[in-house]
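**Q** Sharing a structure below in structure tokens format, with a few things to ask.
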Amino acid sequence: MTESLGQDPLTGLQQRWYVLHELERHIDLYKRYWRPFSLLVLHFDNLEWVKETFGDAAGDSALEYLATHIQMHLREADIASRCAEDEFAIIMQETDKEAAQSAGRRIADSVEGTRFKVGDASVTVKVSSVVASCPADGTEAEALLQAVGMRD
């Protein structure tokens, strides 16, 4: 997929509008075929610290690093996007809340368990996650976005 089709040029993940479109599509699929899914949101908790301490280029490197770890832990059917400077969202098809929470923990543990190099320093990325599942947390986009702290 090319940038013109919605990829974030820095991370290679989809952009926010794409995941919002896919969220609506997955809600329609749930309503028609009863196919549950989860929305996993990951927050890069110390991005501002990395940028203030090591500069914007280090922040970009950290974002690329986090995006790589996200992609390594997803299934082919999952849809990952960068939704804000420090926020990533993943639609996980056929995944209940518990399984999505487990995936969020795996990604956070993987990222926090390694360090990336910034000049002479070595930095740990801090990640937190929150999950909303359809139908458990709602069957409308607004309810799911609210449950994970995102706005439409």
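Ordered as shown in the structure tokens, chains take letters A, B, and onward, while each chain numbers its residues from 1 and ligands are numbered from 1 in the order shown.
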Which of chain A end up as strand (DSSP E or B) when DSSP is run on this backbone - answer as a VMD selection string?
**A** chain A and resid 7 14 to 15 37 to 44 79 to 84 87 to 93 116 to 118 121 to 123 127 to 134
**Q** Could you name the residues that touch region 94-106 of chain A at 7 Å or less, counting only C-alpha atoms, but leaving out those on the same chain fewer than 5 positions away, as an NGL selection string?
**A** :A and (35-38 or 40 or 129 or 131-133)
**Q** Applying 10 Å and only C-alpha atoms, which residues near region 26-30 of chain A remain after dropping the ones on its own chain fewer than 5 positions away? List them as a list in words.
**A**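 Residues near the query, excluding close chain neighbours: Leu20, His21, Arg35, Pro36, Phe37, Ser38, Ile91, Met92, Gln93, Glu94, Cys134, Pro135, Gly138, Thr139, Glu140, Ala141 and Leu144 of chain A.
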**Q** Could you name the residues that touch region 120-124 of chain A at 12 Å or less, counting only C-alpha atoms, but leaving out those on the same chain fewer than 6 positions away, as a list of chain:residue names?
**A** A:Phe44, A:Asp45, A:Asn46, A:Leu47, A:Trp49, A:Val50, A:Lys51, A:Thr53, A:Phe54, A:Ala58, A:Gly59, A:Ser61, A:Ala62, A:Leu63, A:Tyr65, A:Leu66, A:Ala108, A:Asp109, A:Ser110, A:Val111, A:Glu112, A:Gly113, A:Thr114
**Q** Pick out the closest residue to Thr11 (chain A) from this set: A:Trp34, A:Ser81, A:His43, A:Lys117. Count only C-alpha atoms.
**A** A:Ser81
**Q** Just list the residues in chain A DSSP gives helix (DSSP H, G or I) on the backbone, as a ChimeraX atom specification.
**A** /A:3-5,16-33,47-54,56-72,97-112,141-147
**Q** State, in Å with one decimal place, the distance from CA of Gly6 (chain A) to CA of Arg115 (chain A).
**A**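 Atom-to-atom, CA of Gly6 (chain A) to CA of Arg115 (chain A), that is 29.3 Å.
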**Q** Quick one: contact table of region 31-107 of chain A to region 12-15 of chain A, 8 Å max, nearest atom pair and distance in Å to one decimal per residue, counting only C-alpha atoms, chain and number order, as a Markdown table?
**A**
```
| residue | atom | partner | partner_atom | distance |
| --- | --- | --- | --- | --- |
| A:Ala67 | CA | A:Leu13 | CA | 7.3 |
| A:Ile79 | CA | A:Gln14 | CA | 7.9 |
| A:Ala80 | CA | A:Leu13 | CA | 6.1 |
| A:Ser81 | CA | A:Gln14 | CA | 4.2 |
| A:Arg82 | CA | A:Gln15 | CA | 5.3 |
| A:Cys83 | CA | A:Gln15 | CA | 6.1 |
```
**Q** Please produce an output containing C-alpha atoms for each residue in the selection, written as an mmCIF file, in the first residue's frame.
**A**
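Below you can see result05.cif, which holds the result:
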```
data_model
loop_
_atom_site.group_PDB
_atom_site.id
_atom_site.type_symbol
_atom_site.label_atom_id
_atom_site.label_comp_id
_atom_site.auth_asym_id
_atom_site.auth_seq_id
_atom_site.Cartn_x
_atom_site.Cartn_y
_atom_site.Cartn_z
ATOM 1 C CA ALA A 67 5.526 0.258 14.921
ATOM 2 C CA ILE A 79 -5.511 -3.708 11.014
ATOM 3 C CA ALA A 80 -2.959 -1.416 12.667
ATOM 4 C CA SER A 81 -2.863 2.355 12.392
ATOM 5 C CA ARG A 82 -1.146 5.369 13.846
ATOM 6 C CA CYS A 83 -3.952 7.546 15.158
#
```
**Q** Can you tell me which residues surround Val130 (chain A) at a distance of at most 7 Å, considering only C-alpha atoms, apart from same-chain residues fewer than 3 positions away, and format the answer as a CSV table (one decimal) with C-alpha atoms, in the first residue's frame?
**A**
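The resulting part08.csv:
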```csv
chain,number,residue,atom,x,y,z
A,40,LEU,CA,-6.7,-2.3,20.9
A,41,VAL,CA,-5.2,1.1,21.5
A,42,LEU,CA,-1.5,1.5,22.5
A,148,VAL,CA,-10.6,3.4,24.6
```
**Q** What is the CA of Tyr18 (chain A) to CA of Ala89 (chain A) distance in Å?
**A**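 A separation of 10.5 Å between them.
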**Q** Rounded to one decimal in Å, what is the spacing between CA of Arg75 (chain A) and CA of Leu145 (chain A)?
**A**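 So the two atoms, CA of Arg75 (chain A) and CA of Leu145 (chain A), lie 21.9 Å apart.
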